[in-house]
Amino acid sequence: MSASATHRRATAEPAAPHPAILVDNVTVHYGEVLALDAASLSLDHARICGLIGMNGSGKSTLFKAIMGMIKPDAGRVLIDGKPPSKARKEGGIGYVPQSEDVDWQFPLSVRDVVMMGRYGHQGFTRRPSKLDRAAVDDALERVELAEFAGRQIGQLSGGQKKRAFVARGIAQGATMMLLDEPFAGVDKRSEATITRLLRELAADGCTILISTHDLHALPQLCDEAVLLMRKVLMHGPPEVVLQPENLAMAFGLDVLNRDIPDPDVPRRAVSKQQGRS
């Protein structure tokens with residue numbers, strides 16, 4: 001083949017886009033405790049992925065590795081082809097923490113919390129511009145918290161607090177959202193609002209990774225699911241990952257002896273069964 005033909009072929013075949021999230025054989029220890037063991041995961045853009053596993057399976061550690069908060073002992077993490085630290089600096093990663101990870105007594109209003117998402121767009125003085133204020137107003141409207149903008153963040157209900165952090169990511173313009181147990185302790189209105197927002201954000205191109213114990217919400221919310229037990233045991237459609245024989249790999253063989261309720265069963269009954277598990 002001639003050099004010119006080779007050049008034409010190279011220019012006609014653009015490089016494939018980077019995965020939104022690439023976790024490549026990541027191992028993490030806390031002292032002698034193995035938290036992640038050669039875990040690998042590739043997530044495409046504009047997808048909602050549910051991350052499931054029992055307590056201690058490494059879900060929080062995986063989140064920290066993706067956000068660049070911890071450095072793996074081995075392996076690598078790339079966010080759209082970039083190191084996590086660079087992606088965070090560019091404001092590309094939004095984070096909704098678990099409630100217990102936040103000091104709700106800190107004297108910040110709901111507007112202050114959402115405005116934190118605009119810090120990367122501001123100068124060193126952190127003085128909000130007209131554009132910043134407009135972005136915050138729009139985010140508060142989208143999560144239905146505009147009327148609570150001046151309220152101290154700790155005075156909100158559990159579901160409202162989650163929505164405030166989703167609003168922070170929206171105002172930030174994040175292209176990736178990590179949510180740690182977003183439905184734990186939330187009211188029905190907040191659950192419905194958060195679910196709607198996440199679907200809208202994914203439709204707009206945002207990649208979303210959700211750590212959750214709410215297995216029954218996965219088929220309606222997520223495009224795919226990941227089963228984690230220090231390693232990625234399975235990654236696929238929720239209806240496949242949620243088969244009892246697959247869940248048994250992460251949650252133990254006793255799950256085979258339990259009925260996995262149909263998603264259409266009323267949530268009250270589901271909650272009672274989860275409380276016994």
# chains A, B, ... in the order shown; residues from 1 in each chain; ligands from 1

$ closest_atom_pairs --of "range 190-226 of chain A" --to "range 155-167 of chain A" --cutoff "12 Å" --atoms "only C-alpha atoms" --output "tab-separated table"
residue	atom	partner	partner_atom	distance
A:Ser190	CA	A:Gly159	CA	5.0
A:Glu191	CA	A:Gly159	CA	7.1
A:Ala192	CA	A:Gly159	CA	10.1
A:Thr193	CA	A:Arg163	CA	8.1
A:Ile194	CA	A:Arg163	CA	6.7
A:Thr195	CA	A:Arg163	CA	10.4
A:Arg196	CA	A:Arg163	CA	11.4
A:Leu197	CA	A:Val166	CA	8.5
A:Leu198	CA	A:Val166	CA	8.9
A:Leu201	CA	A:Val166	CA	10.4
A:Ile208	CA	A:Val166	CA	11.4

$ residues_around --residues "range 48-60 of chain A" --least-positions-apart "4" --cutoff "8 Å" --atoms "only C-alpha atoms" --output "count of residues only"
29

$ atom_distance --atom1 "CA of Gly169 in chain A" --atom2 "CA of Leu78 in chain A"
19.8 Å

$ residues_around --residues "range 65-70 of chain A" --least-positions-apart "2" --cutoff "10 Å" --atoms "only C-alpha atoms" --output "PDB file with N, CA and C atoms, in the first residue's frame"
ATOM      1  N   ILE A  21     -15.697   6.607  31.771  1.00  0.00           N
ATOM      2  CA  ILE A  21     -14.951   6.125  32.936  1.00  0.00           C
ATOM      3  C   ILE A  21     -14.213   4.856  32.539  1.00  0.00           C
ATOM      4  N   LEU A  22     -12.931   4.834  32.797  1.00  0.00           N
ATOM      5  CA  LEU A  22     -12.140   3.621  32.599  1.00  0.00           C
ATOM      6  C   LEU A  22     -11.423   3.295  33.900  1.00  0.00           C
ATOM      7  N   VAL A  23     -11.772   2.170  34.487  1.00  0.00           N
ATOM      8  CA  VAL A  23     -11.086   1.640  35.671  1.00  0.00           C
ATOM      9  C   VAL A  23     -10.379   0.376  35.218  1.00  0.00           C
ATOM     10  N   VAL A  26      -7.615  -1.936  38.911  1.00  0.00           N
ATOM     11  CA  VAL A  26      -7.302  -1.098  40.066  1.00  0.00           C
ATOM     12  C   VAL A  26      -7.320  -1.913  41.352  1.00  0.00           C
ATOM     13  N   THR A  27      -6.231  -1.812  42.088  1.00  0.00           N
ATOM     14  CA  THR A  27      -6.102  -2.455  43.400  1.00  0.00           C
ATOM     15  C   THR A  27      -5.833  -1.376  44.447  1.00  0.00           C
ATOM     16  N   VAL A  28      -6.575  -1.464  45.559  1.00  0.00           N
ATOM     17  CA  VAL A  28      -6.423  -0.492  46.639  1.00  0.00           C
ATOM     18  C   VAL A  28      -6.387  -1.236  47.969  1.00  0.00           C
ATOM     19  N   LEU A  36     -10.047  -3.032  46.982  1.00  0.00           N
ATOM     20  CA  LEU A  36     -10.323  -3.342  45.584  1.00  0.00           C
ATOM     21  C   LEU A  36      -9.231  -4.264  45.075  1.00  0.00           C
ATOM     22  N   LYS A  59     -17.444  -0.249  47.183  1.00  0.00           N
ATOM     23  CA  LYS A  59     -18.153   0.768  46.392  1.00  0.00           C
ATOM     24  C   LYS A  59     -17.621   2.171  46.685  1.00  0.00           C
ATOM     25  N   SER A  60     -17.482   2.511  47.965  1.00  0.00           N
ATOM     26  CA  SER A  60     -16.987   3.843  48.314  1.00  0.00           C
ATOM     27  C   SER A  60     -15.538   4.026  47.861  1.00  0.00           C
ATOM     28  N   THR A  61     -14.746   2.983  47.966  1.00  0.00           N
ATOM     29  CA  THR A  61     -13.354   3.059  47.512  1.00  0.00           C
ATOM     30  C   THR A  61     -13.289   3.279  46.011  1.00  0.00           C
ATOM     31  N   LEU A  62     -14.155   2.602  45.270  1.00  0.00           N
ATOM     32  CA  LEU A  62     -14.189   2.791  43.820  1.00  0.00           C
ATOM     33  C   LEU A  62     -14.564   4.233  43.488  1.00  0.00           C
ATOM     34  N   PHE A  63     -15.524   4.791  44.213  1.00  0.00           N
ATOM     35  CA  PHE A  63     -15.892   6.196  44.005  1.00  0.00           C
ATOM     36  C   PHE A  63     -14.691   7.110  44.239  1.00  0.00           C
ATOM     37  N   PRO A  72      -4.535   4.522  43.531  1.00  0.00           N
ATOM     38  CA  PRO A  72      -4.489   3.054  43.574  1.00  0.00           C
ATOM     39  C   PRO A  72      -3.080   2.532  43.797  1.00  0.00           C
ATOM     40  N   ASP A  73      -2.984   1.398  44.448  1.00  0.00           N
ATOM     41  CA  ASP A  73      -1.697   0.716  44.589  1.00  0.00           C
ATOM     42  C   ASP A  73      -1.236   0.149  43.251  1.00  0.00           C
ATOM     43  N   ARG A  76      -5.006   1.823  36.896  1.00  0.00           N
ATOM     44  CA  ARG A  76      -5.197   3.224  36.551  1.00  0.00           C
ATOM     45  C   ARG A  76      -6.681   3.545  36.398  1.00  0.00           C
ATOM     46  N   VAL A  77      -6.985   4.821  36.553  1.00  0.00           N
ATOM     47  CA  VAL A  77      -8.333   5.337  36.335  1.00  0.00           C
ATOM     48  C   VAL A  77      -8.219   6.514  35.377  1.00  0.00           C
ATOM     49  N   LEU A  78      -9.076   6.532  34.357  1.00  0.00           N
ATOM     50  CA  LEU A  78      -9.119   7.645  33.413  1.00  0.00           C
ATOM     51  C   LEU A  78     -10.555   8.125  33.276  1.00  0.00           C
ATOM     52  N   ILE A  79     -10.732   9.426  33.271  1.00  0.00           N
ATOM     53  CA  ILE A  79     -12.032  10.053  33.078  1.00  0.00           C
ATOM     54  C   ILE A  79     -12.011  10.742  31.719  1.00  0.00           C
ATOM     55  N   PRO A  83      -6.546  11.928  33.619  1.00  0.00           N
ATOM     56  CA  PRO A  83      -6.447  11.559  35.026  1.00  0.00           C
ATOM     57  C   PRO A  83      -7.590  12.194  35.826  1.00  0.00           C
ATOM     58  N   PRO A  84      -8.077  11.524  36.854  1.00  0.00           N
ATOM     59  CA  PRO A  84      -9.181  12.076  37.649  1.00  0.00           C
ATOM     60  C   PRO A  84      -8.896  13.468  38.204  1.00  0.00           C
ATOM     61  N   SER A  85      -7.654  13.730  38.614  1.00  0.00           N
ATOM     62  CA  SER A  85      -7.326  15.031  39.178  1.00  0.00           C
ATOM     63  C   SER A  85      -7.568  16.150  38.171  1.00  0.00           C
ATOM     64  N   LYS A  86      -7.246  15.884  36.911  1.00  0.00           N
ATOM     65  CA  LYS A  86      -7.460  16.890  35.872  1.00  0.00           C
ATOM     66  C   LYS A  86      -8.938  17.068  35.591  1.00  0.00           C
ATOM     67  N   ALA A  87      -9.681  15.961  35.563  1.00  0.00           N
ATOM     68  CA  ALA A  87     -11.122  16.038  35.315  1.00  0.00           C
ATOM     69  C   ALA A  87     -11.825  16.819  36.427  1.00  0.00           C
ATOM     70  N   ARG A  88     -11.413  16.592  37.671  1.00  0.00           N
ATOM     71  CA  ARG A  88     -11.998  17.340  38.790  1.00  0.00           C
ATOM     72  C   ARG A  88     -11.657  18.816  38.693  1.00  0.00           C
ATOM     73  N   ILE A  93     -16.635  16.524  37.204  1.00  0.00           N
ATOM     74  CA  ILE A  93     -17.202  15.481  38.058  1.00  0.00           C
ATOM     75  C   ILE A  93     -18.051  16.113  39.153  1.00  0.00           C
ATOM     76  N   GLY A  94     -19.332  15.772  39.176  1.00  0.00           N
ATOM     77  CA  GLY A  94     -20.215  16.178  40.261  1.00  0.00           C
ATOM     78  C   GLY A  94     -20.400  15.027  41.231  1.00  0.00           C
ATOM     79  N   TYR A  95     -20.614  15.336  42.510  1.00  0.00           N
ATOM     80  CA  TYR A  95     -20.685  14.295  43.536  1.00  0.00           C
ATOM     81  C   TYR A  95     -21.821  14.572  44.510  1.00  0.00           C
ATOM     82  N   LEU A 178     -21.525  11.289  40.209  1.00  0.00           N
ATOM     83  CA  LEU A 178     -21.413  10.127  41.078  1.00  0.00           C
ATOM     84  C   LEU A 178     -22.341  10.342  42.263  1.00  0.00           C
TER      85      LEU A 178
END

$ atom_distance --atom1 "CA of Gln220 in chain A" --atom2 "CA of Pro238 in chain A"
9.1 Å

$ residues_around --residues "Val136 in chain A" --least-positions-apart "4" --cutoff "12 Å" --atoms "only C-alpha atoms" --output "ChimeraX atom specification"
/A:110-119,128-132,140-143,145-146,149,164-173

$ select_by_dssp --residues "range 7-184 of chain A" --states "strand (DSSP E or B)" --output "ChimeraX atom specification"
/A:21-30,33-43,48-52,74-79,82,93-96,109,152,176-180

$ write_last_selection --atoms "C-alpha atoms" --output "CSV table (one decimal), in the first residue's frame"
chain,number,residue,atom,x,y,z
A,21,ILE,CA,-15.0,6.1,32.9
A,22,LEU,CA,-12.1,3.6,32.6
A,23,VAL,CA,-11.1,1.6,35.7
A,24,ASP,CA,-8.3,-0.7,34.6
A,25,ASN,CA,-7.1,-3.4,37.1
A,26,VAL,CA,-7.3,-1.1,40.1
A,27,THR,CA,-6.1,-2.5,43.4
A,28,VAL,CA,-6.4,-0.5,46.6
A,29,HIS,CA,-5.3,-1.4,50.2
A,30,TYR,CA,-6.1,0.3,53.5
A,33,VAL,CA,-7.1,-4.6,54.2
A,34,LEU,CA,-7.8,-5.3,50.5
A,35,ALA,CA,-10.5,-2.9,49.4
A,36,LEU,CA,-10.3,-3.3,45.6
A,37,ASP,CA,-8.7,-6.3,43.9
A,38,ALA,CA,-7.8,-5.7,40.2
A,39,ALA,CA,-11.2,-4.1,39.6
A,40,SER,CA,-11.9,-3.2,36.0
A,41,LEU,CA,-14.8,-1.2,34.6
A,42,SER,CA,-15.5,0.7,31.4
A,43,LEU,CA,-18.6,3.0,31.2
A,48,ILE,CA,-26.8,5.6,33.9
A,49,CYS,CA,-25.0,2.7,35.8
A,50,GLY,CA,-26.0,1.3,39.1
A,51,LEU,CA,-23.2,0.0,41.4
A,52,ILE,CA,-24.4,-2.7,43.8
A,74,ALA,CA,-1.9,-0.7,41.1
A,75,GLY,CA,-3.9,0.0,37.9
A,76,ARG,CA,-5.2,3.2,36.6
A,77,VAL,CA,-8.3,5.3,36.3
A,78,LEU,CA,-9.1,7.6,33.4
A,79,ILE,CA,-12.0,10.1,33.1
A,82,LYS,CA,-7.7,12.1,31.5
A,93,ILE,CA,-17.2,15.5,38.1
A,94,GLY,CA,-20.2,16.2,40.3
A,95,TYR,CA,-20.7,14.3,43.5
A,96,VAL,CA,-23.7,13.6,45.7
A,109,SER,CA,-27.7,28.2,52.8
A,152,GLN,CA,-29.8,26.7,56.1
A,176,MET,CA,-20.3,13.1,35.1
A,177,MET,CA,-22.3,12.6,38.3
A,178,LEU,CA,-21.4,10.1,41.1
A,179,LEU,CA,-24.2,9.6,43.6
A,180,ASP,CA,-23.7,7.6,46.8

$ select_by_dssp --residues "range 4-229 of chain A" --states "alpha helix (DSSP H)" --output "ChimeraX atom specification"
/A:4-12,59-67,84-89,110-115,130-142,158-172,188-203,218-221

$ atom_distance --atom1 "CA of Arg127 in chain A" --atom2 "CA of Ala139 in chain A"
18.4 Å

$ closest_residue --among "A:Val241, A:Ala135, A:Ala184, A:Ala174" --to "Ser99 in chain A" --atoms "only C-alpha atoms"
A:Ala184

$ closest_residue --among "A:Pro17, A:Val232, A:Asp101, A:Ala46" --to "Asp204 in chain A" --atoms "only C-alpha atoms"
A:Ala46

$ closest_residue --among "A:Thr175, A:Leu233, A:Val102, A:Gly252" --to "Gly205 in chain A" --atoms "only C-alpha atoms"
A:Thr175

$ decode --residues "range 139-275 of chain A" --atoms "C-alpha atoms" --output "compact mmCIF listing (two decimals), in the first residue's frame"
# COMPACT_ATOMS: atom_id res chain seq x y z
CA ALA A 139 -30.44 24.50 39.00
CA LEU A 140 -32.62 25.27 42.03
CA GLU A 141 -35.67 25.48 39.79
CA ARG A 142 -34.87 22.16 38.17
CA VAL A 143 -34.65 20.34 41.52
CA GLU A 144 -37.72 22.19 42.85
CA LEU A 145 -35.86 23.93 45.69
CA ALA A 146 -36.08 27.59 44.61
CA GLU A 147 -38.35 28.46 47.54
CA PHE A 148 -35.76 27.03 49.98
CA ALA A 149 -32.74 28.86 48.53
CA GLY A 150 -32.15 30.95 51.65
CA ARG A 151 -32.68 28.15 54.16
CA GLN A 152 -29.76 26.66 56.09
CA ILE A 153 -28.88 23.38 54.40
CA GLY A 154 -29.31 21.29 57.56
CA GLN A 155 -32.94 22.38 57.88
CA LEU A 156 -33.97 20.52 54.74
CA SER A 157 -35.48 17.06 54.70
CA GLY A 158 -33.32 14.11 53.67
CA GLY A 159 -34.65 14.12 50.13
CA GLN A 160 -34.29 17.89 49.78
CA LYS A 161 -30.64 17.68 50.87
CA LYS A 162 -29.96 15.13 48.13
CA ARG A 163 -31.66 17.37 45.60
CA ALA A 164 -29.51 20.31 46.70
CA PHE A 165 -26.34 18.36 45.89
CA VAL A 166 -27.78 17.28 42.54
CA ALA A 167 -28.42 20.99 41.90
CA ARG A 168 -24.77 21.71 42.74
CA GLY A 169 -23.69 19.29 39.99
CA ILE A 170 -26.14 20.82 37.53
CA ALA A 171 -24.90 24.36 38.27
CA GLN A 172 -21.34 23.09 37.93
CA GLY A 173 -22.05 21.83 34.42
CA ALA A 174 -20.66 18.42 35.34
CA THR A 175 -20.44 15.88 32.54
CA MET A 176 -20.28 13.06 35.08
CA MET A 177 -22.27 12.57 38.29
CA LEU A 178 -21.41 10.13 41.08
CA LEU A 179 -24.21 9.55 43.56
CA ASP A 180 -23.66 7.62 46.80
CA GLU A 181 -26.96 6.13 48.03
CA PRO A 182 -29.11 8.97 46.63
CA PHE A 183 -32.39 7.30 47.62
CA ALA A 184 -31.53 6.42 51.22
CA GLY A 185 -33.99 8.12 53.56
CA VAL A 186 -35.65 10.26 50.90
CA ASP A 187 -39.34 10.98 50.47
CA LYS A 188 -41.32 9.86 47.43
CA ARG A 189 -41.36 13.32 45.86
CA SER A 190 -37.59 13.62 46.07
CA GLU A 191 -37.08 10.09 44.75
CA ALA A 192 -39.28 10.84 41.73
CA THR A 193 -37.62 14.23 41.18
CA ILE A 194 -34.09 12.82 41.40
CA THR A 195 -34.96 9.94 39.06
CA ARG A 196 -36.45 12.36 36.51
CA LEU A 197 -33.43 14.66 36.74
CA LEU A 198 -30.95 11.84 36.26
CA ARG A 199 -32.77 10.63 33.16
CA GLU A 200 -32.78 14.19 31.80
CA LEU A 201 -29.08 14.65 32.54
CA ALA A 202 -28.20 11.36 30.83
CA ALA A 203 -30.27 12.40 27.80
CA ASP A 204 -28.19 15.58 27.70
CA GLY A 205 -24.97 13.54 27.60
CA CYS A 206 -24.08 13.26 31.30
CA THR A 207 -22.63 9.96 32.55
CA ILE A 208 -24.05 8.84 35.90
CA LEU A 209 -22.78 6.23 38.35
CA ILE A 210 -25.03 5.43 41.31
CA SER A 211 -24.07 3.39 44.34
CA THR A 212 -27.28 1.96 45.77
CA HIS A 213 -28.82 -0.78 47.89
CA ASP A 214 -32.22 -0.19 46.29
CA LEU A 215 -32.15 -3.09 43.87
CA HIS A 216 -35.79 -2.70 42.93
CA ALA A 217 -35.25 0.77 41.47
CA LEU A 218 -32.44 -0.31 39.15
CA PRO A 219 -34.42 -1.60 36.14
CA GLN A 220 -36.47 1.60 35.90
CA LEU A 221 -33.56 3.99 36.47
CA CYS A 222 -30.37 2.41 35.13
CA ASP A 223 -29.21 1.40 31.67
CA GLU A 224 -26.73 -1.06 33.16
CA ALA A 225 -25.55 -2.40 36.49
CA VAL A 226 -22.24 -3.44 38.05
CA LEU A 227 -21.97 -6.12 40.71
CA LEU A 228 -18.96 -5.49 42.95
CA MET A 229 -17.19 -7.58 45.56
CA ARG A 230 -13.73 -6.00 45.57
CA LYS A 231 -13.65 -7.17 41.93
CA VAL A 232 -16.21 -6.36 39.25
CA LEU A 233 -18.08 -9.66 39.20
CA MET A 234 -20.57 -8.70 36.51
CA HIS A 235 -21.44 -5.72 34.32
CA GLY A 236 -24.51 -5.80 32.14
CA PRO A 237 -28.23 -5.03 31.84
CA PRO A 238 -29.92 -4.67 35.27
CA GLU A 239 -32.37 -7.49 34.60
CA VAL A 240 -29.44 -9.86 34.02
CA VAL A 241 -27.24 -8.67 36.89
CA LEU A 242 -30.20 -8.87 39.30
CA GLN A 243 -30.83 -12.56 38.71
CA PRO A 244 -30.62 -14.32 42.12
CA GLU A 245 -27.83 -16.64 41.02
CA ASN A 246 -25.75 -13.59 40.06
CA LEU A 247 -26.54 -11.67 43.25
CA ALA A 248 -25.45 -14.74 45.19
CA MET A 249 -21.87 -14.15 44.03
CA ALA A 250 -21.76 -10.86 45.96
CA PHE A 251 -24.39 -11.22 48.68
CA GLY A 252 -23.99 -14.87 49.59
CA LEU A 253 -25.80 -18.07 48.75
CA ASP A 254 -28.69 -17.28 51.10
CA VAL A 255 -30.03 -14.84 48.51
CA LEU A 256 -31.07 -17.89 46.46
CA ASN A 257 -33.52 -18.79 49.20
CA ARG A 258 -35.22 -15.38 49.16
CA ASP A 259 -37.86 -14.12 46.83
CA ILE A 260 -36.67 -11.11 44.86
CA PRO A 261 -39.84 -8.99 44.68
CA ASP A 262 -41.15 -7.92 41.31
CA PRO A 263 -40.46 -4.20 40.63
CA ASP A 264 -44.23 -3.66 40.33
CA VAL A 265 -44.86 -4.79 43.92
CA PRO A 266 -45.79 -1.80 46.14
CA ARG A 267 -42.69 -0.21 47.62
CA ARG A 268 -44.04 -0.51 51.18
CA ALA A 269 -43.85 -4.28 50.93
CA VAL A 270 -40.42 -4.06 49.37
CA SER A 271 -39.13 -1.83 52.17
CA LYS A 272 -40.33 -4.30 54.80
CA GLN A 273 -38.53 -7.16 53.07
CA GLN A 274 -35.32 -5.10 52.76
CA GLY A 275 -35.54 -4.25 56.45
